[in-house]
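J.: I am attaching a structure below and will ask some questions about it afterwards.
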Amino acid sequence: MKPLVTLSIVWVLAGITPRAWAQSPSAAQPSQPPDRPSNTLSLAGIWKFQLDPFQTGISSNGVQFLPRMAEEITLPGSTDQAAKGYRSQSMSSLRLTRLFEYKGAAWYEKEIRVPDSWQGKTIRLFLERAHWETAIWINDHPIGKRQSLSVPHIYDLTPWIVPGQKNIIRIRVDNNMIYNIEYSHAASAETQTDWNGIIGRIELQSFDKVHIGDVQVVPDLTRKGVAYRIPIVNGSKKNIKGQLRLSVDGQPPVPFLPFSGNDSLIELSGFLSLGDKLSTWDEFHPFLYRLTAVLTSTSENKAVYTDSAQTQFGMREFSADGTRFTINGRPTFIRGTVNSAEFPLTGYPDMDETAWRHIFSVCKDYGLNTMRFHSWCPPEAAFAAADQTGIYLQVENTDWRFTVGKDTAVNRYLQEEAARILTTYGNHPSFTMFCEGNELVGPSVNDFLIGLLATWKKDNRHLYTGSSGYPVVAGNQYNDFYGARPQHWKEGLNGRFNAQPLDTRYDYSGYVRRFTIPMITHEIGQWCVYPDFDQIPDYIGVLKPYNYELFRESLRQHGMADLAKRFTLASGRWQVLQKKEEIESYLRTPGMGGYHLLQLNDFPGQGTAPVGVVDDFWRPKFYSSGEEFRQFQSAQVPLLRTGSFTWTNDQEFTGDIDFANFGSGPVKDAVIEWDLQYPDGSVYAKGQMPKTTIPLGSPIHLGHIRATLKNIKKAGSLVFHLRLPGTVCHNQWELWVYPKSLPPVDTTGLTIAHEWTEAVKASLRHGAKVLLLADTTQIRSGAVGVFSGISWNTVWSGMPPDLLGILCDPAHPALASFPTSFHTSWQWWDIVRHSKPMELDGTPMEFRPLVQMIPDWNSNKKLGLLFEARVGKGRLLVSSIDLRANLETRPVAAQLLYSLEKYMTSDAFQPAGILVESQIDTLFKKGDRP
């Protein structure tokens with residue numbers, strides 16, 4: 001079909017044109033050129049080098065004072081990698097440690113020979129990513145400077161470089177805080193570091209004087225084609241006449257598009273139809289088209305110019321429909337992770353597609369479809385890899401400030417940086433969302449963001465929000481909103497997991513109803529795991545894990561180095577359960593737009609936050625897998641709504657079955673099967689939902705289930721399974737059933753006490769067996785009964801939750817009648833929240849409690865809820881759990897007490913550890929006791 005061509009229309013994308021870039025060399029530059037088979041000369045390799053910490057390399061008028069440089073460095077790379085700068089003399093527990101730190105100017109120099117064939121060409125220097133201001137001299141002539149943390153630094157060297165001869169190129173890179181962007185992860189010590197250097201492609205590029213400047217494309221599904229804007233750069237300073245031919249893979253080439261004139265920039269725009277058999281791009285089918293533009297032209301002096309360029313694009317429309325996102329008209333749900341620029345080997349972002357394809361493949365393996373780049377913009381390789389793997393990207397400007405409005409120069413820089421990002425990477429179909437930065441605050445933040453949004457919306461290829469987290473401003477097309485989460489910042493033990501037992505009828509509908517546009521809930525799932533010290537040897541790059549080494553040494557000094565792996569395993573299993581419930585709660589919420597995990601991988605800074613289920617190197621941790629995560633984090637998830645996970649055998653287990661379907665279409669003839677299984681896999685009860693078609697959306701209600709529990713005769717756990725036969729859709733939940741009434745235990749010969757008194761001590765001296773159900777108000781301990789894991793870390797929050805769940809041995813005879821795993825599960829809520837963990841650091845190093853609370857890795861205290869020991873001639877078991885009050889309504893506590901009494905009245909009660917009275921004295925508050 002013949003394209004619709006309009007040569008007179010000039011599109012303005014993101015409020016800035018290529019002409020405007022050329023007019024402001026200090027702040028703007030040509031966008032990254034599209035893929036083309038142009039002549040290039042790689043400048044990778046060895047460069048001469050010199051640090052300039054006192055900024056003496058040039059005078060105020062740009063005259064260079066530096067002599068020839070004596071040192072060498074390899075580019076692409078950084079000063080950290082070359083061991084340039086100041087050797088670190090400190091170890092911090094707050095973050096990974098840079099071995100070599102440097103902030104300031106550094107000079108890079110290389111002698112190059114430009115080919116004779118480049119005579120009469122336009123010659124550019126292309127620096128794919130520098131940190132963050134560069135200035136260029138060619139043969140001692142100052143050329144200019146560029147300032148960007150997000151896009152390539154590109155210079156036109158044509159007037160100064162001499163083809164056929166040797167030329168000296170000198171680059172000054174300054175990684176000082178050029179503009180005060182405060183906490184942005186583009187230049188943060190917490191993650192990628194504030195490195196100095198040049199990475200990615202470093203090359204000279206040659207073009208004919210008349211060449212293609214850029215290719216911008218805008219897919220239009222309604223019209224089944226793509227609009228384009230292609231500026232033709234006329235550097236000949238003469239009248240030219242030429243033609244441009246466009247073609248898309250799999251489509252017939254279109255007729256030549258003529259152009260002529262003597263302007264330095266001639267813009268062609270139009271629309272290219274792709275026909276009725278259109279292939280769209282999304283997370284399931286990331287189909288990519290390739291547009292090729294071939295230019296031929298002549299000038300009035302008969303000179304002939306040629307060029308070609310290519311760009312990939314996807315036919316997709318990412319939109320908002322009420323409070324839902326849509327992709328190509330179909331509802332979708334954002335299942336995202338935050339990327340905070342963690343690159344521990346290099347200290348800077350990966351610049352090759354292979355590395356990013358690995359990262360995105362891990363995200364897909366864990367059921368994610370989105371990545372949010374927290375206050376930074378990734379390189380071209382990340383966009384290209386996301387295009388190929390079908391990942392939606394929320395890209396952010398390099399902004400995380402609490403002072404927005406106090407410095408107009410910073411605002412201006414960031415406005416220009418946003419425009420550069422949108423122009424440079426805007427063709428990528430994965431680039432679906434954009435915002436200014438993270439959690440912005442300041443006297444004029446609202447006005448600043450509203451103005452940006454108005455400008456950005458001129459480019460309709462993306463959805464926009466002003467800031468991640470807050471504030472919410474007029475003009476947002478979606479909200480990345482802080483609020484819908486079980487644990488708010490500095491909420492202490494008032495968060496949902498600590499305040500009440502698990503109830504999966506809970507959702508966040510109230511938050512959704514606040515808005516008429518989609519809401520992504522901000523930075524959720526920050527549940528930590530005890531660090532895995534086995535990964536310490538893997539930090540072989542520029543950042544060293546001294547924080548982890550300090551934590552490991554602290555654990556050793558507390559006599560528990562042998563428990564490190566078990567702490568990680570038990571806290572990791574509890575971490576997964578918490579993340580599972582949090583994620584399912586968002587899928588249960590009608591009209592919810594999605595969530596951003598903070599995060600799938602660990603965060604190595606800000607006090608150290610091991611929040612990931614994959615490590616800093618994007619390797620799965622040993623206690624979970626992507627297969628497990630996909631049960632509850634994927635496009636299609638069966639869901640259970642029920643009011644409790646602890647039941648008694650006089651009750652009926654009841655629940656509602658829902659389904660989250662954000663797949664590629666409705667599920668036809670679906671029959672959901674359910675069953676309740678014993679731990680050995682045998683089935684206690686089963687059933688199925690009526691056959692139905694499951695439409696797109698969530699929550700889709702499929703039915704109600706009931707199962708009598710009267711046939712459960714002793715305490716135990718059941719696993720409730722939901723399956724969609726013929727698919728991979730499967731989900732499961734553990735629940736616990738206890739007898740309504742327990743048989744009495746003959747406690748003859750067992751002394752049950754509630755205080756540590758002289759009488760109790762005397763009975764132990766005479767060989768008694770004592771069960772001390774301690775009054776929790778009398779326990780001397782700074783620890784509290786924390787049920788949830790740590791959210792982010794206690795160094796940053798300064799308050800509970802400050803523990804990581806329990807560690808116990810389910811095979812120990814004390815727990816023989818109490819069904820449990822070795823880690824915290826939901827049935828432990830009543831026990832832990834009615835406890836006062838005992839501080840046992842005064843006991844022998846080898847002494848271990850029966851039920852131990854896993855400590856904060858910063859403190860590594862030995863904490864216990866139950867312990868046993870030989871004291872004098874007697875045997876003692878101490879509980880700091882309330883196992884006395886209201887047991888008729890607390891079946892879990894009643895069952896634990898029953899199990900302890902059965903154990904202590906049996907021959908199995910033979911404690912191995914030995915304590916003396918004075919060691920136990922320290923556990924209780926002093927006072928007069930009979």
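Going by the structure tokens order, chains are called A, B, ..., each with residues numbered from 1, while ligands are numbered from 1 in the order shown.
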If you run DSSP on this backbone, which residues of region 311-378 of chain A come out as strand (DSSP E), and could you give them as a PyMOL selection string?
T.: chain A and resi 311-313+318-321+324-327+330-332+334-339+370-373
J.: Find the spatial neighbours of Tyr179 (chain A), counting only C-alpha atoms, within a cut-off of 9 Å - ignore same-chain residues fewer than 6 positions away - and output them as a PDB file with N, CA and C atoms, in the first residue's frame.
T.:
```pdb
ATOM      1  N   ALA A 409      18.822  25.432  38.283  1.00  0.00           N
ATOM      2  CA  ALA A 409      19.771  24.804  37.357  1.00  0.00           C
ATOM      3  C   ALA A 409      19.588  23.289  37.346  1.00  0.00           C
ATOM      4  N   VAL A 410      19.335  22.705  38.509  1.00  0.00           N
ATOM      5  CA  VAL A 410      19.091  21.264  38.565  1.00  0.00           C
ATOM      6  C   VAL A 410      17.807  20.924  37.821  1.00  0.00           C
ATOM      7  N   TYR A 413      18.510  21.048  34.085  1.00  0.00           N
ATOM      8  CA  TYR A 413      19.271  19.876  33.651  1.00  0.00           C
ATOM      9  C   TYR A 413      18.371  18.655  33.538  1.00  0.00           C
TER      10      TYR A 413
END
```
J.: I'd like the interatomic distance between CA of Asn397 (chain A) and CA of Cys377 (chain A), to a tenth of an Å.
T.: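 Straight-line distance from CA of Asn397 (chain A) to CA of Cys377 (chain A) works out to 6.3 Å.
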J.: Would you mind reading off the distance between CA of Thr326 (chain A) and CA of Glu673 (chain A), one decimal, in Å?
T.: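 Calculated distance between CA of Thr326 (chain A) and CA of Glu673 (chain A) is 29.4 Å.
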J.: Hey, what's within 10 Å of Gln688 (chain A) if we count only C-alpha atoms and toss same-chain stuff fewer than 3 positions away? As a list in words, please?
T.: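 Once the adjacent positions are removed, what remains is Val671, Ile672, Glu673, Trp674, Asp675, Lys691, Gly703, Ile705, Leu722, Arg723 and Leu724 of chain A.
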J.: Considering only C-alpha atoms, return as an MDAnalysis selection string whatever protein or nucleic-acid residues lie within 12 Å of Pro142 (chain A), sequence-local ones (same chain, fewer than 3 positions apart) excluded.
T.: chainID A and resid 58:59 61:64 134:139 145 155 157 159:161 168:172
J.: What is the CA of Ser624 (chain A)-CA of Gln500 (chain A) distance in Å, reported with one decimal?
T.: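 Going from CA of Ser624 (chain A) over to CA of Gln500 (chain A) covers 26.2 Å.
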